[in-house]
Structure formats: structure tokens, C-alpha cells
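J.: This structure is in C-alpha cells; I'll ask about it shortly.
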Amino acid sequence: MPSGLAALLDDVAGIAKLAAASLDDASAAAGKAGAKAAGVVVDDAAVTPRYVVGLTPARELPIIWKIAKGSLRNKLLILLPAALLLSAFAPWAITPILMLGGAYLAFEGAEKLMEAFGGGHHGEVEEAVGDPVTLEATKVSGAIRTDLILSAEIMAISLADVADRPILTQGLVLAIVGLAITAGVYGVVGLIVKMDDIGLHMAQGTSASMRGLGRGLVKGMPIVMSAIATIGTAAMLWVGGGILIHGAHTFGFVWPEDTIHHAAVAVGSALPFARGLVEWVITALGAAIVGILVGGVIAVVVHQISSLRRKPSPDTPGAH
């Protein structure tokens with residue numbers, strides 16, 4: 001009996017060690033996968049604060065909490081099972097789906113560039129007409145729909161990075177990425193939307209330095225929001241372009257990735273004191289250029305189709 005008990009305890013210990021190793025492996029993979037999804041994460045953090053514009057300060061954090069819960073449902077109850085089914089039964093579809101997502105990111109980034117240089121208001125939240133409860137519900141549902149698209153990109157990028165791992169590891173990685181990114185993004189968003197209130201409170205303090213810091217926060221938040229939006233646009237372009245380049249390489253269209261890689265190595269060799277940084281910048285710049293080109297073409301086509309749909313027919317009253 002003692003030997004049997006000892007053997008059982010050894011088995012339990014072995015299982016515990018295996019589980020711990022799997023969790024460590026999943027955590028490491030989740031960190032790597034989450035880093036690759038950074039472009040989408042930054043854009044998610046840049047997009048969400050606009051959904052509390054026009055609402056009372058007291059409702060800002062409750063609304064962000066509602067959106068965060070909706071984001072978790074998107075990731076864990078919809079996207080995670082769909083991703084695991086895709087990995088188990090149609091792994092060949094991961095790269096094409098990821099490339100579609102990359103094209104969408106490039107399109108969104110190109111749209112924002114076009115707005116910045118040519119005007120337009122793509123992606124703005126329309127004000128709902130009605131009582132505050134209806135307005136709040138409308139904004140929350142709109143934010144959760146937008147989050148579903150961004151979360152799908154995050155999960156797809158993460159899945160592609162661990163597609164060769166066991167299905168349990170894939171599930172753990174996607175769950176860890178989903179939880180960590182949701183907590184990080186909406187924690188930062190909550191801090192961002194309340195930073196002006198914090199600044200106003202500090203500006204009413206008794207200390208001159210505290211008041212100065214508070215006024216600085218209030219004045220600086222529009223600049224911070226603008227910087228986040230700019231970084232988000234750049235990140236969408238280089239991440240989207242990078243996904244397209246890597247996917248094309250997978251299908252045998254190798255020259256874009258090879259050309260960018262050789263250019264990065266050549267410039268990095270010329271600047272050996274910062275070789276790693278220079279190679280990363282050149283690679284990101286090359287990917288962003290591809291993102292601008294592909295996204296720009298898609299944006300032009302989408303705009304043309306939209307214009308044709310809006311154009312009144314000759315039979316429409318007032319068309320002439």
C-alpha cells in the first residue's frame with residue numbers, strides 16, 4: 001500500500017509538473033503572440049475612448065466596464081472556440097483568413113491617412129437621438145461590434161503564432177491573450193478617459209506644483225489622444241502590411257519579404273552601432289509601405305462603390 005500511495009503521489013506530482021510546464025509554455029507563447037498583435041491592441045485603445053464622448057462623467061467607467069465585458073464575451077465565447085475549430089479542422093484556412101484581416105487593417109490605416117490629408121470622418125460615432133439610456137446602449141453595442149472585429153484580428157494573429165502547438169496549448173494561449181489584452185486595453189482606456197477629471201481635481205489642490213501638474217494633465221490629454229491615434233494608424237499599416245507580406249511568402253510570392261529583409265540587413269550593416277533597431281525600423285517601414293499601397297487600393301475601390309450607391313438614378317425626383 002505505501003508503495004502504491006507513493007506511486008500515486010509520484011504520478012500526481014508528474015502531472016502537476018507537466019501542467020505547470022504547459023502553463024509556462026502557454027504563458028511564454030501568449031506573450032510572444034500578444035506582442036505580434038500590438039498594432040491591433042494600440043488601435044483598440046485608440047478607438048474605444050470615443051464611445052464615451054457626449055456622456056456624463058459618472059457613466060464613463062460603467063460604460064467602459066460594459067464594453068470590456070462584451071469584449072471578453074467576444075474573445076472567449078465566440079472567437080476562441082471558432083479559432084480552435086478552425087485550427088483542428090481547417091488549418092489551411094488560417095493564413096488566408098489572416099491575410100484578409102491584414103488587408104482590413106491596411107484598409108483602416110489607409111482610410112485614416114486619407115482622412116488626415118484629405119478630410120473625411122470615417123469611423124466617427126454617430127450621436128444617438130433619444131434619452132440617455134438609449135444613447136448609452138447604442139454606444140455600448142457599437143463599441144462591442146467594433147471590438148469583435150479588432151478582437152478577431154488579435155485572436156487570428158495569436159493563433160497563427162501557435163498553430164503548430166497542441167490544441168490545449170493553443171486554447172490556453174488564446175485565453176491568456178484574450179484576458180490579458182482585454183484587461184490591459186480597457187484598464188488603459190479607463191485611465192485615459194478619467195485623466196482629465198484627475199487633472200481637474202489636482203488643479204484645485206492647495207499645492208502650486210500639484211495645481212500646475214493638474215492643469216498640465218488637462219491641457220495634455222488632447223495631445224496624448226492624438227498621439228495614440230497616430231501610433232494606432234501607423235501600427236495598423238505596418239502590422240497589416242507585415243501579415244500580407246508573410247502570407248504571400250507562405251504561398252510562394254517571396255520577393256516582397258526578401259527585398260525588405262535584404263534592405264534592412266544592408267542598412268543595418270551600414271549602422272552597426274544600432275543594427276537591431278535599424279533593421280526593425282526598415283522592416284516596419286517596408287511593411288507599412290505595402291500596407292499603404294494595398295489599403296489605399298481597397299479604400300479607393302470602396303469609396304467608388306459607395307459613391308455609385310449614393311448616386312441618384314435618373315428616375316429619382318430631383319436627380320436632374
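Labeling convention for the C-alpha cells: chains A, B, ... as they appear, residues from 1 per chain, ligands from 1 in order of appearance.
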Using only C-alpha atoms, what table do you get, as JSON lines, when you list each residue of range 269-311 of chain A with an atom no more than 12 Å from range 239-252 of chain A, its nearest pair of atoms, and their distance in Å rounded to one decimal, rows by chain then rising number?
T.:
{"residue": "A:Trp280", "atom": "CA", "partner": "A:Gly242", "partner_atom": "CA", "distance": 11.9}
{"residue": "A:Ile282", "atom": "CA", "partner": "A:Gly242", "partner_atom": "CA", "distance": 12.0}
{"residue": "A:Thr283", "atom": "CA", "partner": "A:Gly242", "partner_atom": "CA", "distance": 8.6}
{"residue": "A:Ala284", "atom": "CA", "partner": "A:Gly242", "partner_atom": "CA", "distance": 7.6}
{"residue": "A:Leu285", "atom": "CA", "partner": "A:Gly241", "partner_atom": "CA", "distance": 9.5}
{"residue": "A:Gly286", "atom": "CA", "partner": "A:Gly241", "partner_atom": "CA", "distance": 8.1}
{"residue": "A:Ala287", "atom": "CA", "partner": "A:Gly241", "partner_atom": "CA", "distance": 4.5}
{"residue": "A:Ala288", "atom": "CA", "partner": "A:Gly241", "partner_atom": "CA", "distance": 5.6}
{"residue": "A:Ile289", "atom": "CA", "partner": "A:Gly241", "partner_atom": "CA", "distance": 7.4}
{"residue": "A:Val290", "atom": "CA", "partner": "A:Gly241", "partner_atom": "CA", "distance": 5.2}
{"residue": "A:Gly291", "atom": "CA", "partner": "A:Gly241", "partner_atom": "CA", "distance": 4.0}
{"residue": "A:Ile292", "atom": "CA", "partner": "A:Gly241", "partner_atom": "CA", "distance": 7.8}
{"residue": "A:Leu293", "atom": "CA", "partner": "A:Gly241", "partner_atom": "CA", "distance": 8.9}
{"residue": "A:Val294", "atom": "CA", "partner": "A:Gly241", "partner_atom": "CA", "distance": 7.9}
{"residue": "A:Gly295", "atom": "CA", "partner": "A:Gly241", "partner_atom": "CA", "distance": 8.7}
{"residue": "A:Gly296", "atom": "CA", "partner": "A:Gly241", "partner_atom": "CA", "distance": 11.7}
J.: If we count only C-alpha atoms, what is near Ala183 in chain A at a cut-off of 9 Å, once residues fewer than 5 positions away on the same chain are taken out, given as a ChimeraX atom specification?
T.: /A:68,178,188
J.: Find the spatial neighbours of Gly214 in chain A, counting only C-alpha atoms, within a cut-off of 12 Å - ignore same-chain residues fewer than 2 positions away - and output them as a list in words.
T.: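 Near neighbours after the sequence-gap exclusion: Met195, Asp196, Asp197, Ile198, Gly199, Leu200, His201, Met202, Ala203, Gln204, Gly205, Thr206, Ser207, Ala208, Ser209, Met210, Arg211, Gly212, Gly216, Leu217, Val218, Lys219, Gly220 and Met221 of chain A.
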J.: For Ile144 in chain A, which residue out of A:Pro272, A:Pro222, A:Gly70, A:Pro256 is the nearest one, using only C-alpha atoms?
T.: A:Gly70
J.: For the alpha helix (DSSP H) assignment from backbone DSSP, which residues of range 116-211 of chain A qualify? Please present them as a PyMOL selection string.
T.: chain A and resi 116-118+132-161+167-203+208-211
J.: Could you save the residues just selected, with C-alpha atoms, as a PDB file, in the first residue's frame?
T.:
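And here is the file that came out, part11.pdb:
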ATOM      1  CA  ALA A 116      -5.759  63.151 -42.222  1.00  0.00           C
ATOM      2  CA  PHE A 117      -4.613  64.559 -45.578  1.00  0.00           C
ATOM      3  CA  GLY A 118      -7.891  64.908 -47.443  1.00  0.00           C
ATOM      4  CA  PRO A 132     -29.512  58.905 -22.092  1.00  0.00           C
ATOM      5  CA  VAL A 133     -30.281  55.197 -21.593  1.00  0.00           C
ATOM      6  CA  THR A 134     -30.824  54.715 -25.330  1.00  0.00           C
ATOM      7  CA  LEU A 135     -27.704  56.725 -26.138  1.00  0.00           C
ATOM      8  CA  GLU A 136     -25.632  54.652 -23.740  1.00  0.00           C
ATOM      9  CA  ALA A 137     -26.994  51.346 -25.043  1.00  0.00           C
ATOM     10  CA  THR A 138     -26.346  52.427 -28.638  1.00  0.00           C
ATOM     11  CA  LYS A 139     -22.752  53.403 -27.923  1.00  0.00           C
ATOM     12  CA  VAL A 140     -22.018  50.227 -25.955  1.00  0.00           C
ATOM     13  CA  SER A 141     -23.416  47.962 -28.678  1.00  0.00           C
ATOM     14  CA  GLY A 142     -21.466  49.881 -31.327  1.00  0.00           C
ATOM     15  CA  ALA A 143     -18.253  49.576 -29.329  1.00  0.00           C
ATOM     16  CA  ILE A 144     -18.741  45.831 -28.833  1.00  0.00           C
ATOM     17  CA  ARG A 145     -19.315  45.332 -32.574  1.00  0.00           C
ATOM     18  CA  THR A 146     -16.120  47.243 -33.354  1.00  0.00           C
ATOM     19  CA  ASP A 147     -14.292  45.260 -30.670  1.00  0.00           C
ATOM     20  CA  LEU A 148     -15.399  41.993 -32.328  1.00  0.00           C
ATOM     21  CA  ILE A 149     -13.512  42.938 -35.487  1.00  0.00           C
ATOM     22  CA  LEU A 150     -10.392  44.043 -33.616  1.00  0.00           C
ATOM     23  CA  SER A 151     -10.541  41.033 -31.272  1.00  0.00           C
ATOM     24  CA  ALA A 152     -10.843  38.697 -34.257  1.00  0.00           C
ATOM     25  CA  GLU A 153      -7.598  40.148 -35.588  1.00  0.00           C
ATOM     26  CA  ILE A 154      -5.881  39.736 -32.222  1.00  0.00           C
ATOM     27  CA  MET A 155      -7.002  36.120 -31.890  1.00  0.00           C
ATOM     28  CA  ALA A 156      -6.125  35.293 -35.501  1.00  0.00           C
ATOM     29  CA  ILE A 157      -2.623  36.723 -35.134  1.00  0.00           C
ATOM     30  CA  SER A 158      -2.176  34.838 -31.865  1.00  0.00           C
ATOM     31  CA  LEU A 159      -3.490  31.574 -33.347  1.00  0.00           C
ATOM     32  CA  ALA A 160      -1.166  31.827 -36.335  1.00  0.00           C
ATOM     33  CA  ASP A 161       1.791  32.121 -33.978  1.00  0.00           C
ATOM     34  CA  ILE A 167      -4.704  22.125 -29.156  1.00  0.00           C
ATOM     35  CA  LEU A 168      -4.655  22.527 -25.348  1.00  0.00           C
ATOM     36  CA  THR A 169      -1.724  24.934 -25.570  1.00  0.00           C
ATOM     37  CA  GLN A 170      -3.497  26.858 -28.321  1.00  0.00           C
ATOM     38  CA  GLY A 171      -6.575  27.201 -26.137  1.00  0.00           C
ATOM     39  CA  LEU A 172      -4.535  28.345 -23.136  1.00  0.00           C
ATOM     40  CA  VAL A 173      -2.600  30.849 -25.238  1.00  0.00           C
ATOM     41  CA  LEU A 174      -5.735  32.337 -26.764  1.00  0.00           C
ATOM     42  CA  ALA A 175      -7.421  32.529 -23.357  1.00  0.00           C
ATOM     43  CA  ILE A 176      -4.369  34.197 -21.757  1.00  0.00           C
ATOM     44  CA  VAL A 177      -4.022  36.649 -24.663  1.00  0.00           C
ATOM     45  CA  GLY A 178      -7.745  37.444 -24.550  1.00  0.00           C
ATOM     46  CA  LEU A 179      -7.802  38.061 -20.804  1.00  0.00           C
ATOM     47  CA  ALA A 180      -4.521  39.985 -20.668  1.00  0.00           C
ATOM     48  CA  ILE A 181      -5.230  42.221 -23.650  1.00  0.00           C
ATOM     49  CA  THR A 182      -8.789  42.968 -22.528  1.00  0.00           C
ATOM     50  CA  ALA A 183      -7.600  43.895 -19.037  1.00  0.00           C
ATOM     51  CA  GLY A 184      -4.716  45.950 -20.394  1.00  0.00           C
ATOM     52  CA  VAL A 185      -6.655  47.779 -23.100  1.00  0.00           C
ATOM     53  CA  TYR A 186      -9.706  48.674 -21.031  1.00  0.00           C
ATOM     54  CA  GLY A 187      -7.619  49.479 -17.963  1.00  0.00           C
ATOM     55  CA  VAL A 188      -5.648  51.975 -20.053  1.00  0.00           C
ATOM     56  CA  VAL A 189      -8.840  53.280 -21.676  1.00  0.00           C
ATOM     57  CA  GLY A 190     -10.397  53.842 -18.242  1.00  0.00           C
ATOM     58  CA  LEU A 191      -7.315  55.756 -17.143  1.00  0.00           C
ATOM     59  CA  ILE A 192      -7.328  57.824 -20.323  1.00  0.00           C
ATOM     60  CA  VAL A 193     -10.967  58.902 -20.123  1.00  0.00           C
ATOM     61  CA  LYS A 194     -10.668  59.846 -16.434  1.00  0.00           C
ATOM     62  CA  MET A 195      -7.302  61.577 -16.742  1.00  0.00           C
ATOM     63  CA  ASP A 196      -8.871  64.975 -17.394  1.00  0.00           C
ATOM     64  CA  ASP A 197     -11.053  64.562 -14.289  1.00  0.00           C
ATOM     65  CA  ILE A 198      -7.951  63.644 -12.295  1.00  0.00           C
ATOM     66  CA  GLY A 199      -6.235  66.726 -13.694  1.00  0.00           C
ATOM     67  CA  LEU A 200      -9.166  68.969 -12.752  1.00  0.00           C
ATOM     68  CA  HIS A 201      -9.139  67.589  -9.214  1.00  0.00           C
ATOM     69  CA  MET A 202      -5.388  68.156  -8.919  1.00  0.00           C
ATOM     70  CA  ALA A 203      -5.752  71.689 -10.333  1.00  0.00           C
ATOM     71  CA  ALA A 208       1.156  75.105  -6.524  1.00  0.00           C
ATOM     72  CA  SER A 209       3.083  72.232  -8.064  1.00  0.00           C
ATOM     73  CA  MET A 210       0.012  69.983  -7.802  1.00  0.00           C
ATOM     74  CA  ARG A 211      -2.165  72.612  -9.468  1.00  0.00           C
TER      75      ARG A 211
END
J.: Kindly indicate which residue among A:Asn74, A:Leu61, A:Val278, A:Ala83 lies nearest to Leu98 in chain A, using only C-alpha atoms for the distances.
T.: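 Closest to Leu98 in chain A, using only C-alpha atoms: A:Ala83.
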J.: Which one of A:Ala88, A:Ala106, A:Leu80, A:Leu308 sits closest to Ala235 in chain A if you count only C-alpha atoms?
T.: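 Selected residue with least distance to Ala235 in chain A: A:Ala106.
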J.: I'd like to know which of A:Ala163, A:Ala234, A:Ile223, A:Ala90 is closest to Glu108 in chain A, using only C-alpha atoms.
T.: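 Looking only at the distances to Glu108 in chain A, the closest residue turns out to be A:Ala234.
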J.: How far is it from CA of Gly102 in chain A to CA of Asp258 in chain A, in Å with one decimal?
T.: 18.8 Å
